[in-house]
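Q: Have a look at this one.
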Amino acid sequence: MKFIDEFRDPALAKKLVQQIRSEVTEAEKRTAAPLKHPIQLMEFCGGHTHAIFRFGLRELLKGKVALHSGPGCPVCVTAAKDLDQAIALAKVPDVILTTFGDMVRVPGSQGTLQDARADGADVRIVYSALDALTIAQQNPERPVIFLGVGFETTAPTIAATVIQAEERALSNFSVLSLHKLTPPAMQAILNAGEVALDGIIGPGHVSAVIGSEAWDFLPQDYGISCAVSGFEPLDMLGAIAALVHAIITGTPAVINTYARSVRPEGNIIAQQIMGRVFEIGTAHWRGFGPIPASGLQFRDAFAHRNAAELFPVEVKESKEPPGCRCGEVLRGVILPTECPLFGKVCTPRSPVGPCMVSAEGACAAYFKYGETDYE
Amino acid sequence: MSDRILLAHGSGGVLSHELIRDVFARHFDNSILNAMNDAALLPDIGTGQLAFTTDSYVVQPLFFPGGDIGELAICGTVNDLAVAGAQPRYLSSGFILEEGLSLETLERVVCSMAETAHTAGVQIVTGDTKVVNHGAADGLFINTAGIGVVPPGLKLGPQYLQPGDVILINGTVGDHGLAVMLQREGLAFDSPLESDTAPLNKLISTLLEAVPGKVHCMRDATRGGLATVLNEWTAAGIGIEIEETQVPVKEAVNAACEFLGLDPLYAANEGKVVIAIDRDAAETALATLQSHPLGTEAAIIGKVTGEHIGRVVLHTPYGARRIISMLTGAQLPRIC
Amino acid sequence: MCLAIPTQIKSIGQDQIATVVLGGVERKISLIMTPEAQIGDYVLIHTGYAIALMDPEEAAASLAAFAELAEIQEELGFSG
């Protein structure tokens with residue numbers, strides 16, 4: 001598979017691991033002011049968390065580079081109240097609620113979409129928002145709601161689908177927009193100052209849309225390097241090697257190690273499509289609370305596509321499950337294994353918090369791949 | 001005869017008799033079934049231990065690339081017997097039909113069952129049909145139960161797994177799971193993938209003859225895939241190591257998994273057997289499997305170890321390890 | 001987050017809907033965000049939409065840069 005297999009070469013990967021380890025070791029010997037042990041990086045993106053475990057990178061870099069998972073899992077950061085609203089929409093008579101497979105197992109304050117389906121709601125999994133549009137076309141007498149979750153990667157695809165619904169005059173198609181923007185969340189983490197980070201592995205597919213330049217504020221405002229990375233082992237190791245080098249040499253910068261997909265300015269057309277349908281507003285993040293200018297809401301011209309307005313449902317204020325520390329996990333403050341519920345009360349089979357549900361949730365990844373406990 | 005299934009087809013009256021005569025008995029044709037007793041009277045099965053199993057089949061769509069629900073209903077039960085070391089002999093088949101099902105669809109399924117039973121060398125000797133109201137079932141459900149005979153002295157099971165045992169599989173993983181998933185409504189993919197549905201009893205008996213007394217445990221890797229079988233084995237107080245690069249996976253399965261964010265190790269198979277065998281017989285076993293049409297892509301994928309008891313550890317090509325745990329719930333296509 | 005994969009464009013039909021292929025698996029996707037993409041090009045697909053046109057020269061440059069990093073290590077003779 002072109003553009004994939006070349007970036008999985010084991011021999012080159014092993015050399016890169018050695019390069020990263022030896023550069024850190026040499027720096028440790030050389031500097032009078034001791035280097036932090038190990039170098040602290042955050043992979044913002046849940047896809048990176050998943051790849052790190054899948055390819056076993058954490059173990060290979062142990063002692064030299066520590067990797068913290070960030071809030072980059074749109075499923076995990078969906079607030080319980082927003083999910084409750086989606087579940088309530090699914091229960092509106094005649095509604096077909098369409099969503100990505102990731103969402104159906106995520107617990108709101110009372111149950112999941114999967115539970116709603118078991119109770120008779122018509123909840124359908126699609127691969128693309130376009131497939132939801134097809135369902136709307138096939139069921140003209142029924143309202144079809146798409147549960148719009150995701151970051152800047154996904155939001156333009158949903159905006160494009162909304163525009164196509166207009167063009168095809170499909171009046172029964174609407175969207176619950178829970179989309180979120182990533183740079184404000186990154187700022188929230190750094191402003192909180194709860195984690196001492198040396199560098200950031202930037203989200204590759206978000207950056208394909210918003211551009212690597214969107215991260216310039218990291219070196220400029222915070223003095224922290226960011227390497228925009230792809231998702232194959234060589235991509236991730238190349239990004240980590242570049243970050244380690246920038247950190248050791250004290251030259252903070254945005255480094256684009258995923259230039260085959262990411263341009264400095266991103267995908268302008270995607271940005272325009274997103275901007276035509278949505279405007280920026282406050283969004284509620286699980287683990288953070290409300291973050292200003294971090295969400296996407298329908299513009300007035302598209303109010304008739306806004307499921308939240310078309311189907312007003314009453315949703316109570318919801319509390320996070322007692323004892324759940326997903327918030328701290330999402331902010332990179334604690335490792336999943338430091339949560340007292342992890343692996344005991346909270347497992348993928350009976351998840352308490354969202355980080356245990358999504359395949360890219362940090363807790364699920366730690367549980368699935370059994371972090372370092374091989375004995 | 002109506003071209004659709006009516007509630008009356010399950011009433012025990014004339015329509016029921018016509019259905020049995022014109023569809024089931026005509027295709028399953030054998031002397032035990034044709035006696036039409038309330039219970040099938042089986043001939044003396046000779047020496048050996050009886051093995052008995054049952055399974056129900058509710059797959060959607062009913063017809064998928066490389067197979068259908070009928071073929072699956074025979075293979076699943078035949079394979080459950082075969083991996084226990086039994087030679088499958090007799091099957092029952094229970095049908096739950098949804099009112100309105102086309103008779104042509106039913107007949108296609110029944111023909112497929114008859115053909116597969118013939119290939120596997122088993123007879124369908126008893127059966128039952130019920131019809132439920134439209135909407136109370138999804139077209140057609142099948143239950144099959146099967147009886148087989150384990151030759152005297154053959155001992156197989158996780159309790160016989162030994163550190164040092166070599167683990168083999170008879171071919172590529174995930175073919176069935178992905179072939180079926182890509183056909184589902186809402187996904188709309190085209191692929192060359194076909195289900196691997198196949199009766200494994202002849203492959204397995206060939207293997208058992210080639211390396212007598214050497215096979216310690218076998219399991220067919222159906223729902224939950226290879227990862228689930230290996231995890232179940234570790235409950236017997238052993239550890240398992242797998243080499244990621246040795247596990248055979250078709251390119252299209254890998255590609256489909258990349259599209260949908262799935263893991264082929266957890267995807268279902270319907271014609272794959274995982275075998276744990278004494279180390280000194282591994283090469284002979286591999287050659288035996290590879291010389292059979294259902295094992296051309298067989299491979300040695302790992303070994304049983306006395307370390308990390310209770311865990312399956314996969315060695316990545318990057319010199320790292322990761323734990324392969326049990327799957328909790330169905331694999332769903334994901335975007336993130 | 002944001003599962004996306006590079007696939008090759010096999011054909012382009014009406015309304016910027018294209019058929020892409022990866023390892024023999026095909027799907028119809030929208031090229032609305034990468035209108036410059038041609039048959040034979042590789043595009044990055046996310047939930048049924050192409051979100052970026054893959055740049056083969058940049059891919060080669062990244063691989064060369066990774067190899068260069070690895071060579072530095074070899075020249076210095078570190079043993080990890």
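Chains: A, B, ... in order of the structure tokens. Residues: from 1 per chain. Ligands: from 1, in order shown.
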Determine which residues of chain C receive a DSSP assignment of helix (DSSP H, G or I), computed from the backbone, and state them as a PyMOL selection string.
A: chain C and resi 14-16+56-76
Q: Go through chain C and flag each residue having an atom no more than 9 Å from chain A; for those, report the closest pair of atoms plus their distance in Å to one decimal, using only C-alpha atoms, ordered by chain and rising number, as JSON lines.
A:
```
{"residue": "C:Met1", "atom": "CA", "partner": "A:Gly47", "partner_atom": "CA", "distance": 4.2}
{"residue": "C:Cys2", "atom": "CA", "partner": "A:His205", "partner_atom": "CA", "distance": 6.3}
{"residue": "C:Leu3", "atom": "CA", "partner": "A:Gly47", "partner_atom": "CA", "distance": 7.0}
{"residue": "C:Ala4", "atom": "CA", "partner": "A:His205", "partner_atom": "CA", "distance": 7.0}
{"residue": "C:Ile5", "atom": "CA", "partner": "A:Ile4", "partner_atom": "CA", "distance": 8.3}
{"residue": "C:Pro6", "atom": "CA", "partner": "A:Phe3", "partner_atom": "CA", "distance": 6.5}
{"residue": "C:Thr7", "atom": "CA", "partner": "A:Lys2", "partner_atom": "CA", "distance": 8.0}
{"residue": "C:Gln8", "atom": "CA", "partner": "A:Lys2", "partner_atom": "CA", "distance": 8.7}
{"residue": "C:Leu22", "atom": "CA", "partner": "A:Met1", "partner_atom": "CA", "distance": 6.8}
{"residue": "C:Gly23", "atom": "CA", "partner": "A:Met1", "partner_atom": "CA", "distance": 6.3}
{"residue": "C:Ile29", "atom": "CA", "partner": "A:Leu130", "partner_atom": "CA", "distance": 8.9}
{"residue": "C:Ser30", "atom": "CA", "partner": "A:Leu130", "partner_atom": "CA", "distance": 9.0}
{"residue": "C:Ile32", "atom": "CA", "partner": "A:Ala160", "partner_atom": "CA", "distance": 8.0}
{"residue": "C:Met33", "atom": "CA", "partner": "A:Ala270", "partner_atom": "CA", "distance": 5.5}
{"residue": "C:Thr34", "atom": "CA", "partner": "A:Ile269", "partner_atom": "CA", "distance": 7.7}
{"residue": "C:Tyr42", "atom": "CA", "partner": "A:Phe3", "partner_atom": "CA", "distance": 8.6}
{"residue": "C:Val43", "atom": "CA", "partner": "A:Ser261", "partner_atom": "CA", "distance": 8.6}
{"residue": "C:Leu44", "atom": "CA", "partner": "A:Ser261", "partner_atom": "CA", "distance": 7.2}
{"residue": "C:His46", "atom": "CA", "partner": "A:Thr154", "partner_atom": "CA", "distance": 7.3}
{"residue": "C:Thr47", "atom": "CA", "partner": "A:Ser128", "partner_atom": "CA", "distance": 4.5}
{"residue": "C:Gly48", "atom": "CA", "partner": "A:Ser128", "partner_atom": "CA", "distance": 5.2}
{"residue": "C:Tyr49", "atom": "CA", "partner": "A:Thr157", "partner_atom": "CA", "distance": 6.3}
{"residue": "C:Ala50", "atom": "CA", "partner": "A:Thr157", "partner_atom": "CA", "distance": 8.9}
{"residue": "C:Ile51", "atom": "CA", "partner": "A:Val209", "partner_atom": "CA", "distance": 6.9}
{"residue": "C:Ala52", "atom": "CA", "partner": "A:Ser261", "partner_atom": "CA", "distance": 5.9}
{"residue": "C:Leu53", "atom": "CA", "partner": "A:Ser261", "partner_atom": "CA", "distance": 6.7}
{"residue": "C:Met54", "atom": "CA", "partner": "A:Ser261", "partner_atom": "CA", "distance": 5.3}
{"residue": "C:Asp55", "atom": "CA", "partner": "A:Arg260", "partner_atom": "CA", "distance": 4.6}
{"residue": "C:Pro56", "atom": "CA", "partner": "A:Arg260", "partner_atom": "CA", "distance": 6.5}
{"residue": "C:Glu57", "atom": "CA", "partner": "A:Arg260", "partner_atom": "CA", "distance": 7.5}
{"residue": "C:Glu58", "atom": "CA", "partner": "A:Arg260", "partner_atom": "CA", "distance": 4.8}
{"residue": "C:Ala59", "atom": "CA", "partner": "A:Arg260", "partner_atom": "CA", "distance": 4.9}
{"residue": "C:Ala60", "atom": "CA", "partner": "A:Arg260", "partner_atom": "CA", "distance": 8.5}
{"residue": "C:Ala61", "atom": "CA", "partner": "A:Ala259", "partner_atom": "CA", "distance": 8.7}
{"residue": "C:Ser62", "atom": "CA", "partner": "A:Thr257", "partner_atom": "CA", "distance": 6.6}
{"residue": "C:Leu63", "atom": "CA", "partner": "A:Phe7", "partner_atom": "CA", "distance": 7.5}
{"residue": "C:Ala65", "atom": "CA", "partner": "A:Gly238", "partner_atom": "CA", "distance": 8.3}
{"residue": "C:Phe66", "atom": "CA", "partner": "A:Gly238", "partner_atom": "CA", "distance": 5.9}
{"residue": "C:Ala67", "atom": "CA", "partner": "A:Leu12", "partner_atom": "CA", "distance": 6.8}
{"residue": "C:Leu69", "atom": "CA", "partner": "A:Leu16", "partner_atom": "CA", "distance": 6.9}
{"residue": "C:Ala70", "atom": "CA", "partner": "A:Lys15", "partner_atom": "CA", "distance": 5.1}
{"residue": "C:Glu71", "atom": "CA", "partner": "A:Lys15", "partner_atom": "CA", "distance": 7.9}
{"residue": "C:Ile72", "atom": "CA", "partner": "A:Gln19", "partner_atom": "CA", "distance": 7.7}
{"residue": "C:Gln73", "atom": "CA", "partner": "A:Gln19", "partner_atom": "CA", "distance": 5.1}
{"residue": "C:Glu74", "atom": "CA", "partner": "A:Lys15", "partner_atom": "CA", "distance": 7.8}
{"residue": "C:Phe78", "atom": "CA", "partner": "A:Ser22", "partner_atom": "CA", "distance": 6.6}
{"residue": "C:Ser79", "atom": "CA", "partner": "A:Gln18", "partner_atom": "CA", "distance": 7.1}
{"residue": "C:Gly80", "atom": "CA", "partner": "A:Gln18", "partner_atom": "CA", "distance": 4.6}
```
Q: One decimal, Å: what's the distance from CA of Pro10 in chain A over to CA of Gly171 in chain B, could you say?
A: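 About the pair CA of Pro10 in chain A and CA of Gly171 in chain B: they are 23.8 Å apart.
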Q: Identify every residue of chain B that has at least one atom within 8 Å of any atom of chain A, counting only C-alpha atoms, and report the result as a ChimeraX atom specification.
A: /B:186-187,255,260,307-309,311,313,316-325,328-329,332-336
Q: Give me, as an MDAnalysis selection string, the residues of range 6-80 of chain C that a backbone DSSP run labels strand (DSSP E).
A: chainID C and resid 6:12 17:22 25:30 42:46 49:53
Q: CA of Ile242 in chain B to CA of Phe259 in chain B: how many Å, to one decimal?
A: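 Taking CA of Ile242 in chain B and CA of Phe259 in chain B, their separation equals 24.6 Å.
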Q: Residues of chain B near chain C: apply a cut-off of 12 Å, count only C-alpha atoms, and supply the list as number ranges by chain.
A: B: 178-179, 182-183, 186-194, 249-262, 333-336
Q: A:Gly327, A:Gly148, A:Pro340, A:Gly332: which is nearest Leu190 in chain A, counting only C-alpha atoms?
A: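 Among A:Gly327, A:Gly148, A:Pro340, A:Gly332, it is A:Gly332 that comes nearest to Leu190 in chain A.
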Q: Grab the CA of Val20 in chain C to CA of Ala165 in chain A distance for me, in Å with one decimal place.
A: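 Computed distance, CA of Val20 in chain C to CA of Ala165 in chain A, equals 23.0 Å.
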Q: Give me the residues within 10 Å of Ile201 in chain A as a ChimeraX atom specification, counting only C-alpha atoms and dropping any in the same chain fewer than 2 places off.
A: /A:41-45,48,67-70,199,203-204,225-230,236,239-240,243,254-255
Q: Excluding same-chain residues fewer than 3 positions from Leu265 in chain B, what lies within 6 Å of it counting only C-alpha atoms, as a PyMOL selection string?
A: chain B and resi 225-227
Q: Write out as a VMD selection string each polymer residue whose atoms come within 12 Å of Gly108 in chain A, counting only C-alpha atoms; drop sequence neighbours fewer than 2 positions from it.
A: chain A and resid 75 to 88 103 to 106 110 to 116 286 315 to 321 351 to 354 357
Q: Residues near range 275-282 of chain B, anyone? I mean within 6 Å using only C-alpha atoms, not counting same-chain ones fewer than 4 positions away, as a PyMOL selection string.
A: chain B and resi 165-168+214-218
Q: For the residues in that selection, give me all heavy atoms as a CSV table (one decimal), in the first residue's frame.
A:
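Listed below is the output, selection-v5.csv:
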```
chain,number,residue,atom,x,y,z
B,165,ASP,N,5.4,-25.7,22.9
B,165,ASP,CA,4.5,-26.0,21.8
B,165,ASP,C,4.5,-24.9,20.7
B,165,ASP,O,4.6,-23.7,21.0
B,165,ASP,CB,3.1,-26.2,22.2
B,165,ASP,CG,2.8,-27.5,22.9
B,165,ASP,OD1,3.8,-28.3,23.0
B,165,ASP,OD2,1.7,-27.8,23.4
B,166,VAL,N,4.4,-25.3,19.4
B,166,VAL,CA,4.4,-24.4,18.3
B,166,VAL,C,3.0,-24.2,17.9
B,166,VAL,O,2.2,-25.1,17.9
B,166,VAL,CB,5.3,-24.9,17.2
B,166,VAL,CG1,5.1,-24.1,15.9
B,166,VAL,CG2,6.8,-24.9,17.6
B,167,ILE,N,2.6,-22.9,17.6
B,167,ILE,CA,1.3,-22.6,17.2
B,167,ILE,C,1.2,-22.3,15.7
B,167,ILE,O,2.0,-21.5,15.1
B,167,ILE,CB,0.8,-21.4,18.0
B,167,ILE,CG1,0.7,-21.7,19.4
B,167,ILE,CG2,-0.6,-20.9,17.5
B,167,ILE,CD1,0.4,-20.6,20.3
B,168,LEU,N,0.3,-23.0,15.0
B,168,LEU,CA,0.1,-22.8,13.6
B,168,LEU,C,-1.3,-22.4,13.2
B,168,LEU,O,-2.2,-22.6,14.0
B,168,LEU,CB,0.3,-24.2,12.8
B,168,LEU,CG,1.7,-24.8,12.9
B,168,LEU,CD1,1.7,-25.9,13.9
B,168,LEU,CD2,2.0,-25.5,11.5
B,214,LYS,N,0.8,-35.8,18.4
B,214,LYS,CA,1.6,-34.6,18.5
B,214,LYS,C,0.7,-33.3,18.7
B,214,LYS,O,1.2,-32.3,19.3
B,214,LYS,CB,2.5,-34.4,17.3
B,214,LYS,CG,3.5,-35.5,17.1
B,214,LYS,CD,4.5,-35.5,18.2
B,214,LYS,CE,5.6,-36.6,18.0
B,214,LYS,NZ,6.6,-36.6,19.1
B,215,VAL,N,-0.5,-33.3,18.2
B,215,VAL,CA,-1.3,-32.1,18.3
B,215,VAL,C,-1.9,-32.1,19.7
B,215,VAL,O,-2.4,-33.1,20.2
B,215,VAL,CB,-2.5,-32.2,17.3
B,215,VAL,CG1,-3.4,-31.0,17.5
B,215,VAL,CG2,-1.9,-32.1,15.8
B,216,HIS,N,-1.7,-30.9,20.4
B,216,HIS,CA,-2.2,-30.8,21.8
B,216,HIS,C,-3.5,-30.1,21.9
B,216,HIS,O,-4.3,-30.4,22.8
B,216,HIS,CB,-1.1,-30.1,22.6
B,216,HIS,CG,0.2,-30.9,22.7
B,216,HIS,ND1,1.4,-30.3,23.1
B,216,HIS,CD2,0.4,-32.2,22.5
B,216,HIS,CE1,2.3,-31.3,23.1
B,216,HIS,NE2,1.8,-32.4,22.7
B,217,CYS,N,-3.8,-29.2,21.0
B,217,CYS,CA,-5.0,-28.4,21.2
B,217,CYS,C,-5.3,-27.8,19.8
B,217,CYS,O,-4.4,-27.4,19.1
B,217,CYS,CB,-4.8,-27.4,22.2
B,217,CYS,SG,-6.4,-26.5,22.7
B,218,MET,N,-6.6,-27.7,19.5
B,218,MET,CA,-7.1,-27.0,18.3
B,218,MET,C,-8.3,-26.2,18.6
B,218,MET,O,-9.1,-26.5,19.5
B,218,MET,CB,-7.5,-28.0,17.2
B,218,MET,CG,-6.3,-28.8,16.6
B,218,MET,SD,-6.8,-29.8,15.2
B,218,MET,CE,-7.6,-31.1,16.1
```
